[in-house]
>>> print(open('work_36.cif').read())   # mmCIF, C-alpha atoms
data_start
loop_
_atom_site.label_atom_id
_atom_site.label_comp_id
_atom_site.auth_asym_id
_atom_site.auth_seq_id
_atom_site.Cartn_x
_atom_site.Cartn_y
_atom_site.Cartn_z
CA MET G 26 -99.11 66.22 106.36
CA PRO G 27 -99.56 67.08 110.06
CA GLU G 28 -98.26 64.54 112.53
CA LYS G 29 -100.79 61.93 113.58
CA SER G 30 -101.31 60.35 117.01
CA ILE G 31 -100.44 56.94 115.58
CA GLU G 32 -97.99 55.02 117.76
CA LEU G 33 -95.73 54.20 114.85
CA THR G 34 -93.06 52.30 116.77
CA LYS G 35 -95.62 49.94 118.28
CA THR G 36 -97.40 49.59 114.93
CA LEU G 37 -94.12 48.52 113.34
CA ALA G 38 -93.39 46.17 116.26
CA HIS G 39 -96.79 44.53 115.74
CA PHE G 40 -96.01 44.12 112.04
CA ILE G 41 -92.64 42.53 112.85
CA ALA G 42 -93.98 40.10 115.43
CA LYS G 43 -97.24 39.10 113.78
CA THR G 44 -96.36 38.85 110.08
CA GLU G 45 -96.01 35.24 108.98
CA LYS G 46 -94.26 33.90 105.91
CA LEU G 47 -97.60 32.92 104.42
CA ASP G 48 -98.69 36.58 104.64
CA ILE G 49 -96.00 37.50 102.10
CA PRO G 50 -96.81 36.93 98.38
CA SER G 51 -94.56 34.48 96.54
CA HIS G 52 -93.38 37.08 94.00
CA VAL G 53 -92.04 39.18 96.89
CA PHE G 54 -89.76 36.27 97.82
CA ASP G 55 -88.59 36.16 94.19
CA HIS G 56 -87.60 39.83 94.39
CA ALA G 57 -85.82 39.16 97.70
CA LYS G 58 -83.71 36.44 96.09
CA VAL G 59 -82.66 38.85 93.34
CA ALA G 60 -81.70 41.39 96.00
CA PHE G 61 -79.70 38.78 97.91
CA LYS G 62 -77.84 37.67 94.81
CA ASP G 63 -76.96 41.28 94.02
CA TRP G 64 -75.79 41.84 97.61
CA LEU G 65 -73.62 38.71 97.54
CA GLY G 66 -71.99 39.85 94.31
CA VAL G 67 -71.02 43.29 95.54
CA THR G 68 -69.84 41.84 98.87
CA PHE G 69 -67.46 39.34 97.30
CA ALA G 70 -66.23 41.99 94.88
CA GLY G 71 -65.55 44.44 97.71
CA LYS G 72 -63.84 42.03 100.06
CA ASN G 73 -60.25 43.05 99.29
CA ASP G 74 -60.72 46.78 99.68
CA PRO G 75 -58.23 48.27 102.16
CA LEU G 76 -60.99 49.40 104.53
CA VAL G 77 -62.21 45.79 104.82
CA GLU G 78 -58.72 44.62 105.65
CA LYS G 79 -58.49 47.28 108.38
CA LEU G 80 -61.80 46.17 109.89
CA ILE G 81 -60.60 42.56 109.93
CA LYS G 82 -57.44 43.64 111.71
CA PHE G 83 -59.58 45.46 114.26
CA ALA G 84 -61.71 42.34 114.77
CA ASP G 85 -58.54 40.27 115.22
CA LEU G 86 -57.40 42.74 117.86
CA MET G 87 -60.70 42.48 119.73
CA GLY G 88 -61.04 38.69 119.49
CA GLY G 89 -64.26 36.83 120.26
CA ASN G 90 -66.31 33.74 119.55
CA LYS G 91 -66.26 32.27 116.03
CA GLN G 92 -69.93 32.49 115.07
CA ALA G 93 -70.31 33.69 111.48
CA THR G 94 -68.26 33.77 108.30
CA LEU G 95 -66.53 36.68 106.57
CA LEU G 96 -67.55 36.18 102.95
CA GLY G 97 -64.63 35.41 100.66
CA TYR G 98 -62.27 34.74 103.54
CA GLY G 99 -63.73 31.56 105.03
CA ILE G 100 -62.85 32.72 108.54
CA LYS G 101 -65.28 33.28 111.37
CA LYS G 102 -65.71 36.18 113.76
CA THR G 103 -68.47 37.07 116.19
CA ALA G 104 -71.84 37.58 114.54
CA CYS G 105 -71.70 41.33 115.24
CA GLN G 106 -68.17 41.67 113.86
CA THR G 107 -69.19 39.72 110.76
CA ALA G 108 -72.22 41.95 110.19
CA LEU G 109 -69.97 45.02 110.42
CA ILE G 110 -67.30 43.70 108.06
CA ASN G 111 -69.56 42.08 105.45
CA GLY G 112 -71.77 45.18 105.55
CA ALA G 113 -68.86 47.53 104.90
CA ALA G 114 -67.53 45.25 102.14
CA SER G 115 -70.90 45.27 100.40
CA HIS G 116 -71.13 49.08 100.35
CA VAL G 117 -67.52 49.98 99.60
CA LEU G 118 -67.90 49.82 95.81
CA ASP G 119 -71.11 51.87 95.79
CA TYR G 120 -72.49 49.17 93.52
CA ASP G 121 -75.37 48.16 95.80
CA ASP G 122 -79.12 48.71 95.48
CA THR G 123 -81.22 51.78 96.28
CA LEU G 124 -84.82 52.24 97.40
CA GLU G 125 -86.42 55.66 96.98
CA ASN G 126 -88.53 55.49 100.15
CA PHE G 127 -85.52 54.26 102.10
CA LEU G 128 -83.67 57.38 100.94
CA GLY G 129 -80.63 55.21 100.33
CA HIS G 130 -79.28 51.66 100.25
CA PRO G 131 -81.25 49.10 102.27
CA SER G 132 -79.77 45.69 101.46
CA VAL G 133 -76.27 46.48 102.75
CA THR G 134 -77.76 47.15 106.18
CA ILE G 135 -80.08 44.13 106.39
CA PHE G 136 -78.45 41.15 104.69
CA PRO G 137 -75.15 41.28 106.65
CA SER G 138 -76.84 41.01 110.04
CA ILE G 139 -79.44 38.41 109.14
CA LEU G 140 -76.93 36.27 107.23
CA ALA G 141 -74.60 36.26 110.23
CA LEU G 142 -77.51 35.49 112.54
CA SER G 143 -78.94 32.82 110.23
CA GLU G 144 -75.58 31.05 109.96
CA TRP G 145 -75.00 31.21 113.70
CA MET G 146 -78.52 30.13 114.67
CA GLU G 147 -78.90 27.78 111.67
CA LYS G 148 -82.09 29.39 110.34
CA SER G 149 -83.83 28.31 107.14
CA GLY G 150 -83.63 30.10 103.81
CA SER G 151 -87.31 31.00 103.90
CA ASP G 152 -86.99 32.50 107.40
CA PHE G 153 -83.95 34.45 106.19
CA LEU G 154 -85.81 35.90 103.20
CA ALA G 155 -88.94 36.75 105.23
CA ALA G 156 -86.81 38.63 107.75
CA TYR G 157 -85.24 40.67 104.95
CA ILE G 158 -88.62 41.54 103.45
CA ILE G 159 -89.98 42.70 106.81
CA GLY G 160 -86.86 44.70 107.67
CA LEU G 161 -86.96 46.39 104.26
CA LYS G 162 -90.58 47.44 104.76
CA VAL G 163 -89.92 48.82 108.24
CA GLY G 164 -87.01 50.92 107.00
CA ALA G 165 -89.01 52.14 104.01
CA VAL G 166 -91.98 53.20 106.16
CA ILE G 167 -89.77 55.23 108.48
CA GLY G 168 -87.91 56.67 105.50
CA ALA G 169 -91.09 57.67 103.66
CA CYS G 170 -92.28 59.46 106.80
CA ALA G 171 -88.90 61.11 107.35
CA GLY G 172 -88.88 62.42 103.78
CA ILE G 173 -86.30 64.32 101.79
CA GLU G 174 -85.81 66.74 104.70
CA HIS G 175 -84.10 63.95 106.62
CA TYR G 176 -81.61 63.45 103.82
CA MET G 177 -81.05 67.16 103.32
CA SER G 178 -80.35 67.69 107.02
CA GLY G 179 -76.97 66.03 106.53
CA CYS G 180 -77.96 62.55 107.68
CA HIS G 181 -76.96 59.49 105.68
CA PRO G 182 -80.23 57.48 105.69
CA THR G 183 -78.50 54.25 104.67
CA SER G 184 -77.07 54.43 108.17
CA THR G 185 -79.85 56.09 110.15
CA LEU G 186 -82.72 54.10 108.63
CA GLY G 187 -80.51 51.04 108.29
CA HIS G 188 -80.32 50.72 112.07
CA PHE G 189 -84.10 50.25 112.19
CA ALA G 190 -84.25 47.94 109.18
CA SER G 191 -81.54 45.66 110.51
CA ALA G 192 -83.09 45.56 113.98
CA ALA G 193 -86.53 44.74 112.54
CA ALA G 194 -85.17 41.93 110.38
CA CYS G 195 -83.13 40.44 113.21
CA ALA G 196 -86.08 40.75 115.60
CA LYS G 197 -88.20 38.73 113.17
CA LEU G 198 -85.49 36.12 112.73
CA LEU G 199 -85.17 35.73 116.51
CA GLY G 200 -88.95 35.45 116.91
CA LEU G 201 -89.28 38.45 119.23
CA ASP G 202 -92.75 39.37 120.50
CA GLU G 203 -94.30 42.82 120.06
CA LYS G 204 -92.81 44.36 123.19
CA GLN G 205 -89.37 42.95 122.49
CA SER G 206 -89.58 44.15 118.88
CA ALA G 207 -90.49 47.65 120.05
CA ASN G 208 -87.52 47.58 122.40
CA ALA G 209 -85.26 46.41 119.56
CA LEU G 210 -86.37 49.41 117.50
CA GLY G 211 -85.78 51.66 120.51
CA ILE G 212 -82.29 50.30 121.10
CA ALA G 213 -81.45 50.63 117.40
CA GLY G 214 -82.95 54.10 117.12
CA THR G 215 -80.89 55.59 119.91
CA GLN G 216 -77.74 54.40 118.11
CA ALA G 217 -78.83 55.71 114.70
CA SER G 218 -76.24 58.00 113.16
CA GLY G 219 -74.30 58.67 109.98
CA LEU G 220 -73.24 61.94 108.36
CA LYS G 221 -73.06 62.71 104.66
CA ILE G 222 -69.83 64.60 105.20
CA SER G 223 -68.25 61.13 105.24
CA PHE G 224 -69.01 60.54 101.54
CA GLY G 225 -65.81 59.87 99.64
CA THR G 226 -64.09 58.37 102.69
CA MET G 227 -63.90 54.89 104.21
CA SER G 228 -66.46 55.95 106.79
CA LYS G 229 -69.32 55.89 104.27
CA ALA G 230 -69.00 52.13 103.85
CA LEU G 231 -68.56 51.86 107.61
CA HIS G 232 -72.06 53.38 107.93
CA ALA G 233 -73.67 50.35 106.29
CA GLY G 234 -71.75 47.85 108.38
CA LYS G 235 -72.33 49.76 111.60
CA ALA G 236 -76.09 50.00 110.95
CA SER G 237 -76.22 46.27 110.32
CA GLN G 238 -74.14 45.48 113.40
CA SER G 239 -76.11 47.82 115.66
CA GLY G 240 -79.43 46.38 114.50
CA LEU G 241 -78.24 42.88 115.31
CA MET G 242 -77.01 43.97 118.72
CA ALA G 243 -80.33 45.71 119.39
CA ALA G 244 -82.35 42.57 118.63
CA LEU G 245 -80.07 40.34 120.69
CA LEU G 246 -80.30 42.71 123.67
CA ALA G 247 -84.08 43.01 123.34
CA ASN G 248 -84.30 39.22 123.30
CA ASP G 249 -82.67 39.28 126.74
CA GLY G 250 -85.09 41.86 128.14
CA PHE G 251 -82.98 44.97 127.49
CA THR G 252 -85.25 47.98 127.06
CA GLY G 253 -85.42 50.95 124.73
CA ALA G 254 -87.89 53.74 124.06
CA GLU G 255 -91.09 52.15 122.74
CA ASP G 256 -91.96 55.38 120.92
CA VAL G 257 -88.45 56.01 119.60
CA VAL G 258 -89.61 56.95 116.10
CA GLU G 259 -92.50 59.35 116.77
CA GLY G 260 -92.07 60.34 120.42
CA ASN G 261 -91.02 63.67 121.89
CA HIS G 262 -87.23 63.97 121.45
CA GLY G 263 -87.46 60.85 119.25
CA PHE G 264 -86.12 60.11 115.77
CA PHE G 265 -88.47 62.37 113.80
CA LYS G 266 -88.10 65.29 116.20
CA VAL G 267 -84.31 65.15 116.04
CA PHE G 268 -83.68 64.02 112.47
CA GLN G 269 -86.74 65.45 110.63
CA GLY G 270 -90.00 63.77 109.67
CA SER G 271 -93.47 63.04 111.03
CA VAL G 272 -95.96 60.21 111.01
CA ASN G 273 -97.74 59.99 107.65
CA GLU G 274 -101.01 58.10 107.93
CA ASP G 275 -101.08 57.19 104.22
CA VAL G 276 -97.64 55.59 104.51
CA VAL G 277 -98.55 53.75 107.71
CA ASN G 278 -101.64 52.34 106.01
CA THR G 279 -99.45 50.49 103.51
CA ILE G 280 -98.03 48.23 106.23
CA GLY G 281 -98.96 44.65 105.48
CA LYS G 282 -100.44 45.65 102.11
CA THR G 283 -97.46 46.63 99.97
CA TRP G 284 -93.88 45.44 100.33
CA GLU G 285 -91.68 48.08 98.60
CA ILE G 286 -89.34 45.45 97.23
CA GLU G 287 -90.68 45.79 93.68
CA ASN G 288 -89.31 49.35 93.75
CA LEU G 289 -85.80 48.27 94.66
CA ALA G 290 -83.36 49.63 92.08
CA GLN G 291 -80.20 47.63 91.52
CA LYS G 292 -77.14 49.39 90.13
CA TYR G 293 -75.47 48.80 86.80
CA HIS G 294 -72.81 51.50 87.25
CA ALA G 295 -70.34 51.25 90.16
CA SER G 296 -70.92 54.75 91.51
CA CYS G 297 -73.28 56.80 93.66
CA HIS G 298 -76.85 56.35 92.43
CA ALA G 299 -77.15 60.12 92.02
CA THR G 300 -74.68 59.85 89.13
CA HIS G 301 -76.75 57.28 87.23
CA SER G 302 -79.43 59.49 85.69
CA PRO G 303 -76.81 61.87 84.23
CA ILE G 304 -74.88 58.85 82.91
CA GLU G 305 -77.98 57.37 81.28
CA ALA G 306 -79.15 60.66 79.77
CA ALA G 307 -75.72 61.45 78.34
CA ARG G 308 -75.32 57.97 76.91
CA PHE G 309 -78.77 58.13 75.35
CA ILE G 310 -77.91 61.32 73.46
CA VAL G 311 -74.49 60.06 72.35
CA HIS G 312 -75.88 56.76 71.08
CA GLN G 313 -79.07 58.23 69.62
CA GLU G 314 -77.25 60.91 67.66
CA GLY G 315 -74.11 58.94 66.89
CA LEU G 316 -71.89 61.55 68.54
CA LYS G 317 -68.16 61.09 69.00
CA PRO G 318 -66.30 62.66 71.93
CA LYS G 319 -64.42 64.90 69.50
CA ASP G 320 -67.80 66.29 68.28
CA ILE G 321 -68.80 67.57 71.73
CA LYS G 322 -68.20 71.17 72.73
CA ALA G 323 -70.03 71.23 76.07
CA ILE G 324 -72.20 69.10 78.35
CA ARG G 325 -74.54 70.77 80.82
CA ILE G 326 -76.11 68.67 83.57
CA PHE G 327 -79.11 69.69 85.66
CA SER G 328 -79.81 67.69 88.82
CA SER G 329 -81.79 68.12 92.02
CA GLU G 330 -80.39 69.61 95.18
CA LEU G 331 -80.75 66.19 96.81
CA ALA G 332 -78.76 64.46 94.07
CA LEU G 333 -76.00 67.05 94.22
CA SER G 334 -75.81 66.79 97.98
CA ALA G 335 -74.98 63.10 97.50
CA ALA G 336 -72.75 63.32 94.42
CA SER G 337 -71.27 66.63 95.45
CA LYS G 338 -67.70 66.36 94.17
CA MET G 339 -66.95 68.40 91.07
CA GLY G 340 -63.45 66.98 90.76
CA ALA G 341 -61.78 63.73 91.76
CA ASN G 342 -58.26 62.49 92.39
CA THR G 343 -59.04 59.00 93.72
CA GLY G 344 -61.32 56.21 92.60
CA LEU G 345 -63.41 56.61 95.74
CA GLU G 346 -63.92 60.32 95.08
CA GLY G 347 -64.83 59.56 91.47
CA LYS G 348 -67.87 57.58 92.60
CA PHE G 349 -69.38 60.84 93.89
CA CYS G 350 -68.28 63.07 91.00
CA ILE G 351 -70.90 63.58 88.27
CA PRO G 352 -68.46 65.25 85.81
CA TYR G 353 -66.12 62.28 86.04
CA CYS G 354 -68.90 59.69 85.79
CA VAL G 355 -70.40 61.35 82.71
CA ALA G 356 -67.01 61.90 81.07
CA ASN G 357 -66.11 58.26 81.61
CA ALA G 358 -69.50 57.10 80.28
CA VAL G 359 -69.07 59.14 77.09
CA LEU G 360 -65.48 58.06 76.51
CA ASN G 361 -65.82 54.41 77.62
CA GLU G 362 -68.39 51.63 77.77
CA ASN G 363 -67.12 50.33 81.11
CA THR G 364 -68.81 52.03 84.08
CA GLY G 365 -68.13 49.14 86.43
CA MET G 366 -65.38 48.69 88.96
CA GLN G 367 -62.54 49.24 86.52
CA ALA G 368 -63.79 52.78 85.88
CA PHE G 369 -63.06 53.77 89.48
CA THR G 370 -59.41 53.02 90.01
CA ASP G 371 -56.99 55.79 90.99
CA GLU G 372 -55.18 55.29 87.69
CA ARG G 373 -58.34 55.64 85.64
CA ILE G 374 -59.49 58.73 87.52
CA ASN G 375 -56.25 60.51 86.65
CA ASP G 376 -56.26 59.63 82.95
CA PRO G 377 -55.27 62.85 81.11
CA GLU G 378 -57.90 62.35 78.38
CA LEU G 379 -60.64 62.06 81.00
CA LYS G 380 -59.37 65.05 82.95
CA ALA G 381 -59.42 67.15 79.79
CA PHE G 382 -62.93 66.03 78.82
CA MET G 383 -64.26 66.82 82.29
CA LYS G 384 -63.53 70.49 81.64
CA LYS G 385 -66.36 70.48 79.06
CA ILE G 386 -68.90 69.47 81.72
CA THR G 387 -70.84 71.76 84.06
CA VAL G 388 -73.30 70.69 86.74
CA ASN G 389 -76.22 72.83 87.89
CA THR G 390 -78.97 72.60 90.47
CA THR G 391 -82.57 72.76 89.29
CA GLN G 392 -85.82 73.00 91.21
CA ASP G 393 -87.52 70.97 88.46
CA PHE G 394 -86.39 67.72 90.07
CA GLN G 395 -86.71 66.41 93.63
CA ALA G 396 -84.93 63.07 93.71
CA LEU G 397 -82.43 61.48 91.32
CA GLN G 398 -83.81 62.78 88.02
CA ALA G 399 -81.44 64.65 85.72
CA ARG G 400 -81.48 66.54 82.44
CA VAL G 401 -78.44 66.55 80.18
CA GLU G 402 -77.80 69.02 77.37
CA ILE G 403 -75.04 68.35 74.86
CA GLU G 404 -73.80 71.07 72.54
CA THR G 405 -71.71 70.03 69.55
CA LYS G 406 -68.90 71.95 67.90
CA SER G 407 -71.09 72.27 64.81
CA GLY G 408 -73.63 74.26 66.85
CA ARG G 409 -76.29 71.60 67.32
CA ALA G 410 -77.86 71.00 70.76
CA TYR G 411 -79.49 67.87 72.13
CA ASN G 412 -81.10 67.13 75.49
CA ALA G 413 -82.50 64.15 77.37
CA VAL G 414 -84.05 63.49 80.77
CA SER G 415 -83.51 60.36 82.85
CA ASP G 416 -84.90 59.19 86.18
CA ILE G 417 -83.10 56.03 87.18
CA LEU G 418 -85.57 55.24 89.97
CA LYS G 419 -88.53 55.24 87.56
CA VAL G 420 -87.14 52.82 84.97
CA ILE G 421 -86.74 49.75 87.17
CA PRO G 422 -86.76 46.52 85.12
CA GLU G 423 -89.52 43.96 85.55
CA LEU G 424 -88.72 40.89 87.67
CA GLN G 425 -87.63 38.57 84.84
CA GLU G 426 -85.35 41.20 83.34
CA LYS G 427 -83.94 41.94 86.79
CA LYS G 428 -83.18 38.25 87.30
CA SER G 429 -81.24 38.09 84.05
CA LYS G 430 -79.32 41.33 84.60
CA ILE G 431 -78.42 40.55 88.21
CA SER G 432 -77.34 37.01 87.38
CA ALA G 433 -74.95 38.44 84.78
CA LYS G 434 -73.69 41.06 87.21
CA PHE G 435 -73.26 38.42 89.92
CA LYS G 436 -71.15 36.21 87.68
CA ASP G 437 -69.06 39.16 86.54
CA LEU G 438 -68.32 40.17 90.13
CA CYS G 439 -67.89 36.75 91.72
CA SER G 440 -66.06 34.70 89.08
CA PRO G 441 -62.71 36.47 89.64
CA VAL G 442 -63.02 35.83 93.38
CA LEU G 443 -64.67 32.41 93.60
CA GLY G 444 -64.00 30.83 90.23
CA ASN G 445 -66.62 29.91 87.66
CA GLN G 446 -67.70 26.63 89.22
CA THR G 447 -68.44 28.00 92.69
CA THR G 448 -70.04 31.11 91.22
CA ASP G 449 -72.39 29.09 89.02
CA ALA G 450 -73.32 26.83 91.94
CA MET G 451 -74.13 29.84 94.13
CA ASP G 452 -76.13 31.48 91.37
CA THR G 453 -78.30 28.37 91.16
CA ALA G 454 -78.54 27.94 94.94
CA VAL G 455 -79.85 31.47 95.49
CA ASP G 456 -82.64 30.86 92.97
CA SER G 457 -84.05 28.17 95.28
CA LEU G 458 -82.99 29.69 98.60
CA GLU G 459 -86.41 29.21 100.19
CA THR G 460 -85.87 25.42 100.03
CA ILE G 461 -82.66 25.51 102.08
CA ASP G 462 -83.19 24.16 105.60
CA ASN G 463 -80.00 25.55 107.10
CA MET G 464 -78.28 28.77 106.01
CA LYS G 465 -75.07 27.60 107.64
CA THR G 466 -74.63 25.04 104.87
CA PHE G 467 -75.24 27.71 102.24
CA VAL G 468 -72.58 29.99 103.71
CA GLU G 469 -70.07 27.16 103.98
CA SER G 470 -70.56 26.34 100.31
CA ALA G 471 -70.16 29.99 99.31
CA GLN G 472 -66.44 30.17 100.04
CA LYS G 473 -63.52 30.08 97.68
CA GLY G 474 -61.78 26.79 97.09
#
>>> encode(input="work_36.cif", output="structure tokens")
Amino acid sequence: MPEKSIELTKTLAHFIAKTEKLDIPSHVFDHAKVAFKDWLGVTFAGKNDPLVEKLIKFADLMGGNKQATLLGYGIKKTACQTALINGAASHVLDYDDTLENFLGHPSVTIFPSILALSEWMEKSGSDFLAAYIIGLKVGAVIGACAGIEHYMSGCHPTSTLGHFASAAACAKLLGLDEKQSANALGIAGTQASGLKISFGTMSKALHAGKASQSGLMAALLANDGFTGAEDVVEGNHGFFKVFQGSVNEDVVNTIGKTWEIENLAQKYHASCHATHSPIEAARFIVHQEGLKPKDIKAIRIFSSELALSAASKMGANTGLEGKFCIPYCVANAVLNENTGMQAFTDERINDPELKAFMKKITVNTTQDFQALQARVEIETKSGRAYNAVSDILKVIPELQEKKSKISAKFKDLCSPVLGNQTTDAMDTAVDSLETIDNMKTFVESAQKG
């Protein structure tokens, strides 16, 4: 659609400043609590990754005021350092949620900054959730306008769009007015960066933390009168001109009417979301037909160009690389039931049986699909052929099923870190988060021992 004369940055700033909690339907808050519980789970589970330890060492080197808590450590750093570290920890496992219009992973860029800010400023649970909902919508609107071209240009939207989403959420939490909110978006937008070439390295998780940190910094600076481009998204030499995209009037018209959060897709496999449709399609065939690994002669996978630009590795030698390797993910799913964290250790990746089975798998690009859909064909040694199609972003569970699945995932991830008692208490507390008067008390209770 041709670019419109809509002042998108100011429109979003108005939405941030003027939207009240009562404007948001109650079921949207229920979805936000599910998202928060999922984010907490993957953050605690990722806390001991080596990249997190390196970021903590860096924060120790820099020093600073003790304002907000590193989850799972019970130690405090500056709010911006905490947003960076908790954000990276929550993305390191690639077990966090995805939103199609966001072109990536929104929660890992929003929750770290607003949790740090809410603890520091002692905000309420309802204010915290409302800020998340608003930040998510802002990021999704910009992402829907940017389109697939933005992703295919080499940008990592979790990072680029995450800067805006975090800034919007923090601006709401700080109570910024329209002009200040526009400046916050401008300050965040000029910092927006993140390259897909970093996939499979520690820098991918850094993208989430940096987006969260930069958004928080942008809102804090705007609160003090610091200025940024008030047309940063749509203006000449702005975000869309540089990183692809244009104002889409139909998308803009959804602001204040739809909330996107119902379309949030949580993960149930600990790998890049572009691997999930192939996993699901392959598993469907194997289970439907009662196939054994020894029966399979070949597996052919057909995915979109976008999906293969994300999960681009055709071989893997480390657990981190395996998260972006469709042949490994499908081989593991056929040979094992466990597609969680234990499937992505260096030892597991180099299992000789898995390595041998991967040789039966080929991956192809198809123009039939645009996003994360995939078709899997399995040929047996007896000459039979089966195929199935899966689109992981179109089979999102309803709210009640989501609640049950995420509660189970949360307990699975947190119990080894926090113990059963603390995990159960947190699980219950998140369900009534909107009744909490002070998020500082929630964070203090969410620590081990």
>>> closest_residue(input="work_36.cif", among="G:Lys380, G:Glu330, G:Ile304, G:Ala194", to="Phe394 of chain G", atoms="all atoms listed in the file")
G:Glu330
>>> residues_around(input="work_36.cif", residues="segment 45-51 of chain G", least_positions_apart="3", cutoff="7 Å", atoms="all atoms listed in the file", output="list in words")
Phe54, Asp55 and Ala155 of chain G
>>> atom_distance(input="work_36.cif", atom1="atom CA of Thr405 of chain G", atom2="atom CA of Phe309 of chain G")
15.0 Å
>>> closest_residue(input="work_36.cif", among="G:Ala450, G:Met242, G:Val166, G:Ala413", to="Phe435 of chain G", atoms="all atoms listed in the file")
G:Ala450
>>> residues_around(input="work_36.cif", residues="Lys434 of chain G", least_positions_apart="2", cutoff="10 Å", atoms="all atoms listed in the file", output="PyMOL selection string")
chain G and resi 62-63+66-67+292-293+365+428-432+436-439
>>> resolve_selection(input="work_36.cif", expression="the PyMOL selection byres ((chain G and resi 320-322) around 9)", output="PyMOL selection string")
chain G and resi 316-319+323-324+385+403-408
>>> atom_distance(input="work_36.cif", atom1="atom CA of Met366 of chain G", atom2="atom CA of Ala84 of chain G")
26.8 Å
>>> residues_around(input="work_36.cif", residues="Gln205 of chain G", least_positions_apart="6", cutoff="9 Å", atoms="only C-alpha atoms", output="list in words")
Ala38, Ala42, Ala196, Ala244, Ala247, Asn248, Asp249, Gly250, Phe251 and Thr252 of chain G
>>> resolve_selection(input="work_36.cif", expression="the PyMOL selection byres ((chain G and resi 190) around 9)", output="JSON, numbers by chain")
{"G": [131, 134, 135, 157, 159, 160, 161, 162, 163, 164, 165, 186, 187, 188, 189, 191, 192, 193, 194, 195, 210, 236, 237, 240]}
>>> atom_distance(input="work_36.cif", atom1="atom CA of Val401 of chain G", atom2="atom CA of Lys348 of chain G")
18.6 Å
>>> residues_around(input="work_36.cif", residues="Gly168 of chain G", least_positions_apart="6", cutoff="10 Å", atoms="only C-alpha atoms", output="PDB file with C-alpha atoms, in the frame of the given file")
ATOM      1  CA  LEU G 124     -84.820  52.240  97.400  1.00  0.00           C
ATOM      2  CA  GLU G 125     -86.420  55.660  96.980  1.00  0.00           C
ATOM      3  CA  ASN G 126     -88.530  55.490 100.150  1.00  0.00           C
ATOM      4  CA  PHE G 127     -85.520  54.260 102.100  1.00  0.00           C
ATOM      5  CA  LEU G 128     -83.670  57.380 100.940  1.00  0.00           C
ATOM      6  CA  GLY G 129     -80.630  55.210 100.330  1.00  0.00           C
ATOM      7  CA  LYS G 162     -90.580  47.440 104.760  1.00  0.00           C
ATOM      8  CA  HIS G 175     -84.100  63.950 106.620  1.00  0.00           C
ATOM      9  CA  TYR G 176     -81.610  63.450 103.820  1.00  0.00           C
ATOM     10  CA  PRO G 182     -80.230  57.480 105.690  1.00  0.00           C
ATOM     11  CA  THR G 183     -78.500  54.250 104.670  1.00  0.00           C
ATOM     12  CA  THR G 185     -79.850  56.090 110.150  1.00  0.00           C
ATOM     13  CA  LEU G 186     -82.720  54.100 108.630  1.00  0.00           C
ATOM     14  CA  GLY G 187     -80.510  51.040 108.290  1.00  0.00           C
ATOM     15  CA  GLY G 270     -90.000  63.770 109.670  1.00  0.00           C
ATOM     16  CA  VAL G 276     -97.640  55.590 104.510  1.00  0.00           C
TER      17      VAL G 276
END
>>> resolve_selection(input="work_36.cif", expression="the PyMOL selection byres ((chain G and resi 141-150) around 6)", output="MDAnalysis selection string")
chainID G and resid 92:93 104 138:140 151:153 458:459 461:465
>>> write_last_selection(input="work_36.cif", atoms="C-alpha atoms", output="PDB file, in the frame of the given file")
ATOM      1  CA  GLN G  92     -69.930  32.490 115.070  1.00  0.00           C
ATOM      2  CA  ALA G  93     -70.310  33.690 111.480  1.00  0.00           C
ATOM      3  CA  ALA G 104     -71.840  37.580 114.540  1.00  0.00           C
ATOM      4  CA  SER G 138     -76.840  41.010 110.040  1.00  0.00           C
ATOM      5  CA  ILE G 139     -79.440  38.410 109.140  1.00  0.00           C
ATOM      6  CA  LEU G 140     -76.930  36.270 107.230  1.00  0.00           C
ATOM      7  CA  SER G 151     -87.310  31.000 103.900  1.00  0.00           C
ATOM      8  CA  ASP G 152     -86.990  32.500 107.400  1.00  0.00           C
ATOM      9  CA  PHE G 153     -83.950  34.450 106.190  1.00  0.00           C
ATOM     10  CA  LEU G 458     -82.990  29.690  98.600  1.00  0.00           C
ATOM     11  CA  GLU G 459     -86.410  29.210 100.190  1.00  0.00           C
ATOM     12  CA  ILE G 461     -82.660  25.510 102.080  1.00  0.00           C
ATOM     13  CA  ASP G 462     -83.190  24.160 105.600  1.00  0.00           C
ATOM     14  CA  ASN G 463     -80.000  25.550 107.100  1.00  0.00           C
ATOM     15  CA  MET G 464     -78.280  28.770 106.010  1.00  0.00           C
ATOM     16  CA  LYS G 465     -75.070  27.600 107.640  1.00  0.00           C
TER      17      LYS G 465
END
